[in-house]
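First the structure, in the form of structure tokens, and then the observations on it.
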Amino acid sequence: MLTDIQIAQSVKPENIKEIAKAAKIDEKYLEQYGNYKAKVDLSIMKDLKKPNGKLILVTAITPTPAGEGKTTTTIGLADGLKAIGKNVMVALREPSLGPVFGIKGGAAGGGYAQVVPMEDINLHFTGDFHAIGAANNLLAAMLDNHIYQGNELGIDINKITWRRCVDMNDRQLRFITDGQGGKFNGVERQDGYDITVASEIMAVLCLANSITDLKERLGRIIVGYTTDDKPVTAHDLKAEGAMAALLKDALKPNLVQTLEHTPALVHGGPFANIAHGCNSVVATKLALKLGDYVVTEAGFGADLGAEKFLDIKCRVAGLKPDAVVIVATIRALKMHGGLSKDSLAKEDLEALEAGIPNLLRHVSNIKNVYKLPSVVAINRFPTDTDKEVELIIKKCKELGVNVVLSTVWAEGGKGGIALAKEVIKLCEEKNDFQFSYMDDLSIEEKIKAVVTKVYGGSDIKILKNAQEQIKRLTELGFSKLPICIAKTQYSFSDDATKLGAPTDFIVTIRNVKISAGAGFIVVLTGKIMTMPGLPKVPAAEGIDVDENGKISGLF
């Protein structure tokens, strides 16, 4: 069986100019990065008169180590729509180097449903993440330099909230002491690093509508507080202009293609467990102006990525999805039913049935909380038996849940045609899309709404430190902003060991902070970290390049 990278390398991509032509992107808006990738200048938006296409969100059940194939399904569905003659665009996030070299792997799809050039997309791509890291660290350098040069703003070094970042899983950098070596080398203080995808700069870039909006958002970023507890912003440090200059090209969406030459915009990459987990607003809006159907995805399960897509991105950008696809695998559902990863290859109808409630809760949330039409896509693996497939289809249909079998991993667009036809029907249905909470609720009420309505929990417990932070943010006038809850991706709860569809649990809120530039309040739960670490055997150990520059080991 061929690996993902072998499959990707076996297909000859079309020149990116041809992909642009198929997407009706005039060459004057194209900024090429070689033959197979390009940036699209945002001035194109002024000239596009076509009404917006239909917006299709692909999400998934609660993830497990067995894999769900959300990005694979997104790409395969787009190829399936193209196969039946539809004008379609894909809008995806860019992968982070941390997971690529860690345990999770890349994010370019899999099997015969991938975006290419797979190696470039999974590695440096067009340099967007490097630009985001540079802008983040420029702000950090200007902040510390301001303190070193006399601290005119009266910043309290014990109340600095801005951290440096690097796009790598490096637990060693979570907490550091810098400025050591005497006064000449700066002011000694406690500091730390986040992974680049957790940086507020990433969220700002992905939610900005233009360079002007980007600059305004950058200026609003709060980096710390003064000795009398007044917020200090990037604008106070006169940093937003230089930061925007570093990000001017990164703001432009990246155009690539699927293995079947469907145009794809791959842009931005915030994690969904610690950030809002969606590709950029500018890429999504551009795709809607170019395609009649736009297929996008949001990170991890529907309780994380889809919740944030719907409650944050759609709210901020004025978007309304037309249909939602919820991806599930029989393997993952068996894990939610109690099987270990080592036992997934054998048929086990009892474990599968025990895991189905996880899927049903996600479906219920999309249908009953957000009022959106949806379909379950069963992403079939070669080890799935006919009896297992029959059981999950039967159980879903008994409960009135729309379900379609998808074989895009093995068959590409051909395996997504049935799903494509179902999605087209859903897009014509009336939907009464609504958020899970309204703007005028208090911060506590918003958190409780998500926990009880979306997660299925019974209540929240706000630790004293978080209570004080909520009080302060409310006093500063931030209570009307949406919330971005950071929690484990492996459970509806804040406890990664609670699989399936747990009930009567309490979510503990340990930290609440403002991302004023992004325009949301970050709520940290459980043991969530903004800098991951590498596993005992990182994926990096299996990645190599030969003397001809051909890369191997990516997945």
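Labels for the structure tokens follow display order: chains A, B, ..., residues from 1 in each chain, ligands from 1.
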Identify, with DSSP run on backbone atoms, the residues in region 175-322 of chain A assigned to alpha helix (DSSP H), and express the list as a PyMOL selection string.
chain A and resi 200-207+211-220+240-247+281-290+307-308+314-317
Any chance you could export the current selection's N, CA and C atoms as a compact mmCIF listing (two decimals), in the first residue's frame?
# COMPACT_ATOMS: atom_id res chain seq x y z
N GLU A 200 -1.65 35.01 19.28
CA GLU A 200 -2.78 35.86 18.92
C GLU A 200 -2.60 36.45 17.53
N ILE A 201 -1.36 36.58 17.08
CA ILE A 201 -1.11 37.09 15.72
C ILE A 201 -1.75 36.17 14.68
N MET A 202 -1.67 34.85 14.93
CA MET A 202 -2.31 33.89 14.02
C MET A 202 -3.81 34.13 13.97
N ALA A 203 -4.44 34.29 15.13
CA ALA A 203 -5.88 34.54 15.17
C ALA A 203 -6.24 35.86 14.50
N VAL A 204 -5.41 36.88 14.74
CA VAL A 204 -5.64 38.20 14.13
C VAL A 204 -5.59 38.08 12.61
N LEU A 205 -4.56 37.42 12.09
CA LEU A 205 -4.42 37.26 10.64
C LEU A 205 -5.63 36.53 10.06
N CYS A 206 -6.10 35.51 10.77
CA CYS A 206 -7.19 34.69 10.24
C CYS A 206 -8.56 35.35 10.35
N LEU A 207 -8.69 36.38 11.18
CA LEU A 207 -9.97 37.05 11.33
C LEU A 207 -10.01 38.43 10.67
N ILE A 211 -5.76 44.78 5.06
CA ILE A 211 -4.56 45.29 5.72
C ILE A 211 -4.94 46.33 6.79
N THR A 212 -5.92 47.18 6.48
CA THR A 212 -6.35 48.20 7.44
C THR A 212 -6.91 47.54 8.70
N ASP A 213 -7.78 46.55 8.49
CA ASP A 213 -8.36 45.83 9.62
C ASP A 213 -7.27 45.09 10.40
N LEU A 214 -6.33 44.49 9.67
CA LEU A 214 -5.20 43.79 10.30
C LEU A 214 -4.42 44.73 11.21
N LYS A 215 -4.11 45.91 10.70
CA LYS A 215 -3.31 46.87 11.46
C LYS A 215 -4.07 47.33 12.71
N GLU A 216 -5.37 47.56 12.57
CA GLU A 216 -6.16 47.98 13.73
C GLU A 216 -6.21 46.89 14.79
N ARG A 217 -6.37 45.66 14.35
CA ARG A 217 -6.41 44.53 15.28
C ARG A 217 -5.06 44.36 15.98
N LEU A 218 -3.97 44.48 15.22
CA LEU A 218 -2.64 44.37 15.82
C LEU A 218 -2.44 45.45 16.88
N GLY A 219 -2.89 46.65 16.60
CA GLY A 219 -2.74 47.75 17.55
C GLY A 219 -3.49 47.51 18.85
N ARG A 220 -4.59 46.74 18.80
CA ARG A 220 -5.41 46.50 19.99
C ARG A 220 -4.85 45.40 20.90
N GLU A 240 2.37 48.34 15.67
CA GLU A 240 1.48 47.70 14.71
C GLU A 240 1.87 47.93 13.25
N GLY A 241 2.46 49.07 12.95
CA GLY A 241 2.85 49.33 11.55
C GLY A 241 3.92 48.37 11.08
N ALA A 242 4.96 48.18 11.88
CA ALA A 242 6.04 47.27 11.49
C ALA A 242 5.55 45.82 11.47
N MET A 243 4.68 45.47 12.40
CA MET A 243 4.12 44.11 12.42
C MET A 243 3.30 43.86 11.15
N ALA A 244 2.48 44.83 10.78
CA ALA A 244 1.67 44.70 9.57
C ALA A 244 2.55 44.59 8.32
N ALA A 245 3.67 45.31 8.33
CA ALA A 245 4.60 45.24 7.20
C ALA A 245 5.14 43.82 7.04
N LEU A 246 5.42 43.16 8.17
CA LEU A 246 5.89 41.78 8.12
C LEU A 246 4.81 40.82 7.62
N LEU A 247 3.55 41.21 7.83
CA LEU A 247 2.43 40.30 7.55
C LEU A 247 1.69 40.61 6.25
N VAL A 281 -10.53 34.27 7.24
CA VAL A 281 -11.76 34.89 6.74
C VAL A 281 -11.57 35.33 5.29
N VAL A 282 -10.39 35.91 4.97
CA VAL A 282 -10.19 36.41 3.60
C VAL A 282 -10.19 35.26 2.60
N ALA A 283 -9.64 34.09 2.97
CA ALA A 283 -9.64 32.95 2.06
C ALA A 283 -11.05 32.41 1.88
N THR A 284 -11.80 32.34 2.96
CA THR A 284 -13.18 31.84 2.87
C THR A 284 -14.04 32.78 2.02
N LYS A 285 -13.91 34.07 2.24
CA LYS A 285 -14.71 35.04 1.47
C LYS A 285 -14.31 35.04 0.00
N LEU A 286 -13.01 34.89 -0.27
CA LEU A 286 -12.56 34.81 -1.66
C LEU A 286 -13.12 33.55 -2.32
N ALA A 287 -13.05 32.43 -1.61
CA ALA A 287 -13.58 31.18 -2.16
C ALA A 287 -15.07 31.29 -2.46
N LEU A 288 -15.82 31.95 -1.60
CA LEU A 288 -17.27 32.11 -1.81
C LEU A 288 -17.57 32.97 -3.03
N LYS A 289 -16.66 33.90 -3.36
CA LYS A 289 -16.85 34.73 -4.55
C LYS A 289 -16.41 34.01 -5.83
N LEU A 290 -15.61 32.97 -5.68
CA LEU A 290 -15.11 32.24 -6.86
C LEU A 290 -15.91 30.98 -7.16
N GLU A 307 -17.79 24.56 16.84
CA GLU A 307 -18.34 25.56 17.78
C GLU A 307 -17.69 26.91 17.55
N LYS A 308 -16.37 26.91 17.37
CA LYS A 308 -15.66 28.18 17.20
C LYS A 308 -15.87 28.76 15.80
N CYS A 314 -18.12 32.87 12.18
CA CYS A 314 -19.33 33.31 11.48
C CYS A 314 -19.87 34.61 12.07
N ARG A 315 -19.75 34.77 13.37
CA ARG A 315 -20.21 35.99 14.04
C ARG A 315 -19.38 37.18 13.59
N VAL A 316 -18.06 37.01 13.59
CA VAL A 316 -17.14 38.11 13.24
C VAL A 316 -17.23 38.46 11.76
N ALA A 317 -17.34 37.44 10.91
CA ALA A 317 -17.25 37.66 9.46
C ALA A 317 -18.61 37.77 8.78
Close residues, region 195-198 of chain A itself excluded, 12 Å, only C-alpha atoms, min 6 positions apart in chain, as an MDAnalysis selection string:
chainID A and resid 93:99 128:137 162:174 204:206 268:279 484 486 515 518 522 528:533
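The neighbours of Lys24 (chain A) here are the residues that come within 10 Å of it, using only C-alpha atoms and leaving out any residue fewer than 5 positions away in the same chain; they are Glu18, Ile19, Leu48, Leu290 and Gly291 of chain A.
Compared by their closest atoms to Asn365 (chain A), and using only C-alpha atoms, the residues A:Ile326, A:Ala239, A:Leu405, A:Ile176 rank with A:Ile326 nearest.
For the residues A:Lys527, A:Arg472, A:Lys464, A:Lys54, ranking by smallest atom-to-atom distance to Lys487 (chain A) using only C-alpha atoms places A:Lys527 first.
Using only C-alpha atoms, the residues found no farther than 10 Å from Phe125 (chain A), other than those of its own chain fewer than 4 positions away, are Tyr33, Lys37, Ala38, Glu94, Pro95, Pro117, Met118, Glu119, Asp120, Ile121, Phe129, His130, Asn254 and Val266 of chain A.
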Using only C-alpha atoms, please write the residues we just selected to a file, as an mmCIF file, in the first residue's frame.
data_model
loop_
_atom_site.group_PDB
_atom_site.id
_atom_site.type_symbol
_atom_site.label_atom_id
_atom_site.label_comp_id
_atom_site.auth_asym_id
_atom_site.auth_seq_id
_atom_site.Cartn_x
_atom_site.Cartn_y
_atom_site.Cartn_z
ATOM 1 C CA TYR A 33 5.834 30.717 -5.694
ATOM 2 C CA LYS A 37 1.624 27.407 -5.604
ATOM 3 C CA ALA A 38 0.772 31.091 -5.593
ATOM 4 C CA GLU A 94 -2.094 25.439 6.754
ATOM 5 C CA PRO A 95 -0.315 22.744 8.794
ATOM 6 C CA PRO A 117 2.391 19.988 -3.343
ATOM 7 C CA MET A 118 1.996 17.987 -0.131
ATOM 8 C CA GLU A 119 5.619 18.392 0.992
ATOM 9 C CA ASP A 120 5.604 22.181 0.567
ATOM 10 C CA ILE A 121 2.230 22.625 2.281
ATOM 11 C CA PHE A 129 3.940 31.011 9.691
ATOM 12 C CA HIS A 130 7.468 32.413 9.695
ATOM 13 C CA ASN A 254 -2.424 30.682 -0.934
ATOM 14 C CA VAL A 266 -4.879 26.917 2.037
#
Neighbours of Val324 (chain A) within 9 Å (only C-alpha atoms; same-chain residues fewer than 5 positions away dropped), as a short mmCIF file (atom, residue, chain, number, x, y, z; two decimals) with all heavy atoms, in the first residue's frame?
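The result, stored in selection-v4.cif:
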data_model
loop_
_atom_site.label_atom_id
_atom_site.label_comp_id
_atom_site.auth_asym_id
_atom_site.auth_seq_id
_atom_site.Cartn_x
_atom_site.Cartn_y
_atom_site.Cartn_z
N LEU A 55 -21.80 27.62 1.41
CA LEU A 55 -20.72 27.34 2.35
C LEU A 55 -20.99 26.03 3.08
O LEU A 55 -22.00 25.90 3.79
CB LEU A 55 -20.57 28.50 3.34
CG LEU A 55 -19.46 28.37 4.39
CD1 LEU A 55 -18.10 28.22 3.73
CD2 LEU A 55 -19.47 29.59 5.31
N ILE A 56 -20.09 25.08 2.93
CA ILE A 56 -20.23 23.75 3.53
C ILE A 56 -19.12 23.56 4.56
O ILE A 56 -17.93 23.63 4.22
CB ILE A 56 -20.15 22.65 2.46
CG1 ILE A 56 -21.23 22.86 1.39
CG2 ILE A 56 -20.26 21.26 3.09
CD1 ILE A 56 -20.82 22.40 0.01
N LEU A 57 -19.50 23.32 5.80
CA LEU A 57 -18.53 23.09 6.87
C LEU A 57 -18.37 21.60 7.12
O LEU A 57 -19.36 20.89 7.30
CB LEU A 57 -18.99 23.78 8.16
CG LEU A 57 -18.17 23.46 9.42
CD1 LEU A 57 -16.74 23.98 9.29
CD2 LEU A 57 -18.85 24.01 10.67
N VAL A 58 -17.12 21.14 7.13
CA VAL A 58 -16.83 19.74 7.47
C VAL A 58 -16.24 19.70 8.87
O VAL A 58 -15.24 20.37 9.16
CB VAL A 58 -15.86 19.10 6.46
CG1 VAL A 58 -15.55 17.66 6.87
CG2 VAL A 58 -16.46 19.13 5.05
N THR A 59 -16.88 18.95 9.75
CA THR A 59 -16.40 18.78 11.11
C THR A 59 -16.38 17.29 11.42
O THR A 59 -16.45 16.47 10.51
CB THR A 59 -17.27 19.59 12.10
OG1 THR A 59 -16.72 19.48 13.41
CG2 THR A 59 -18.72 19.12 12.11
N ILE A 366 -25.36 20.21 16.12
CA ILE A 366 -25.48 20.91 14.83
C ILE A 366 -26.96 21.16 14.50
O ILE A 366 -27.35 22.25 14.07
CB ILE A 366 -24.79 20.12 13.71
CG1 ILE A 366 -23.28 20.00 13.97
CG2 ILE A 366 -25.06 20.78 12.36
CD1 ILE A 366 -22.53 21.31 14.07
N LEU A 372 -28.75 23.80 11.94
CA LEU A 372 -28.20 23.65 10.59
C LEU A 372 -28.46 22.25 10.03
O LEU A 372 -28.39 21.27 10.78
CB LEU A 372 -26.69 23.92 10.60
CG LEU A 372 -26.26 25.37 10.84
CD1 LEU A 372 -24.77 25.44 11.13
CD2 LEU A 372 -26.60 26.22 9.62
N PRO A 373 -28.73 22.14 8.73
CA PRO A 373 -28.88 20.81 8.12
C PRO A 373 -27.54 20.10 8.06
O PRO A 373 -26.51 20.73 7.81
CB PRO A 373 -29.41 21.13 6.71
CG PRO A 373 -29.02 22.54 6.44
CD PRO A 373 -28.95 23.23 7.77
N SER A 374 -27.55 18.78 8.31
CA SER A 374 -26.28 18.07 8.36
C SER A 374 -26.40 16.65 7.84
O SER A 374 -27.51 16.10 7.71
CB SER A 374 -25.76 18.02 9.81
OG SER A 374 -26.62 17.27 10.63
N VAL A 375 -25.25 16.07 7.56
CA VAL A 375 -25.15 14.67 7.14
C VAL A 375 -23.91 14.07 7.79
O VAL A 375 -22.90 14.75 7.95
CB VAL A 375 -25.08 14.54 5.60
CG1 VAL A 375 -23.88 15.30 5.03
CG2 VAL A 375 -25.02 13.07 5.17
N VAL A 376 -24.03 12.81 8.20
CA VAL A 376 -22.88 12.08 8.72
C VAL A 376 -22.17 11.40 7.56
O VAL A 376 -22.80 10.70 6.75
CB VAL A 376 -23.32 11.03 9.76
CG1 VAL A 376 -22.14 10.13 10.14
CG2 VAL A 376 -23.89 11.71 10.99
N VAL A 423 -25.00 16.60 -0.06
CA VAL A 423 -24.68 17.97 0.39
C VAL A 423 -25.40 19.00 -0.48
O VAL A 423 -25.90 20.01 0.03
CB VAL A 423 -23.15 18.19 0.39
CG1 VAL A 423 -22.82 19.67 0.45
CG2 VAL A 423 -22.51 17.46 1.56
N LEU A 426 -28.83 19.27 0.79
CA LEU A 426 -28.87 19.97 2.08
C LEU A 426 -28.74 21.48 1.91
O LEU A 426 -29.36 22.25 2.64
CB LEU A 426 -27.74 19.47 2.99
CG LEU A 426 -27.87 18.06 3.57
CD1 LEU A 426 -26.64 17.75 4.43
CD2 LEU A 426 -29.13 17.91 4.40
#
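Comparing the minimum interatomic distances between Gly110 (chain A) and each of A:Pro253, A:Gly224, A:Gly412, A:Gly301, counting only C-alpha atoms, we find that A:Gly412 sits nearest.
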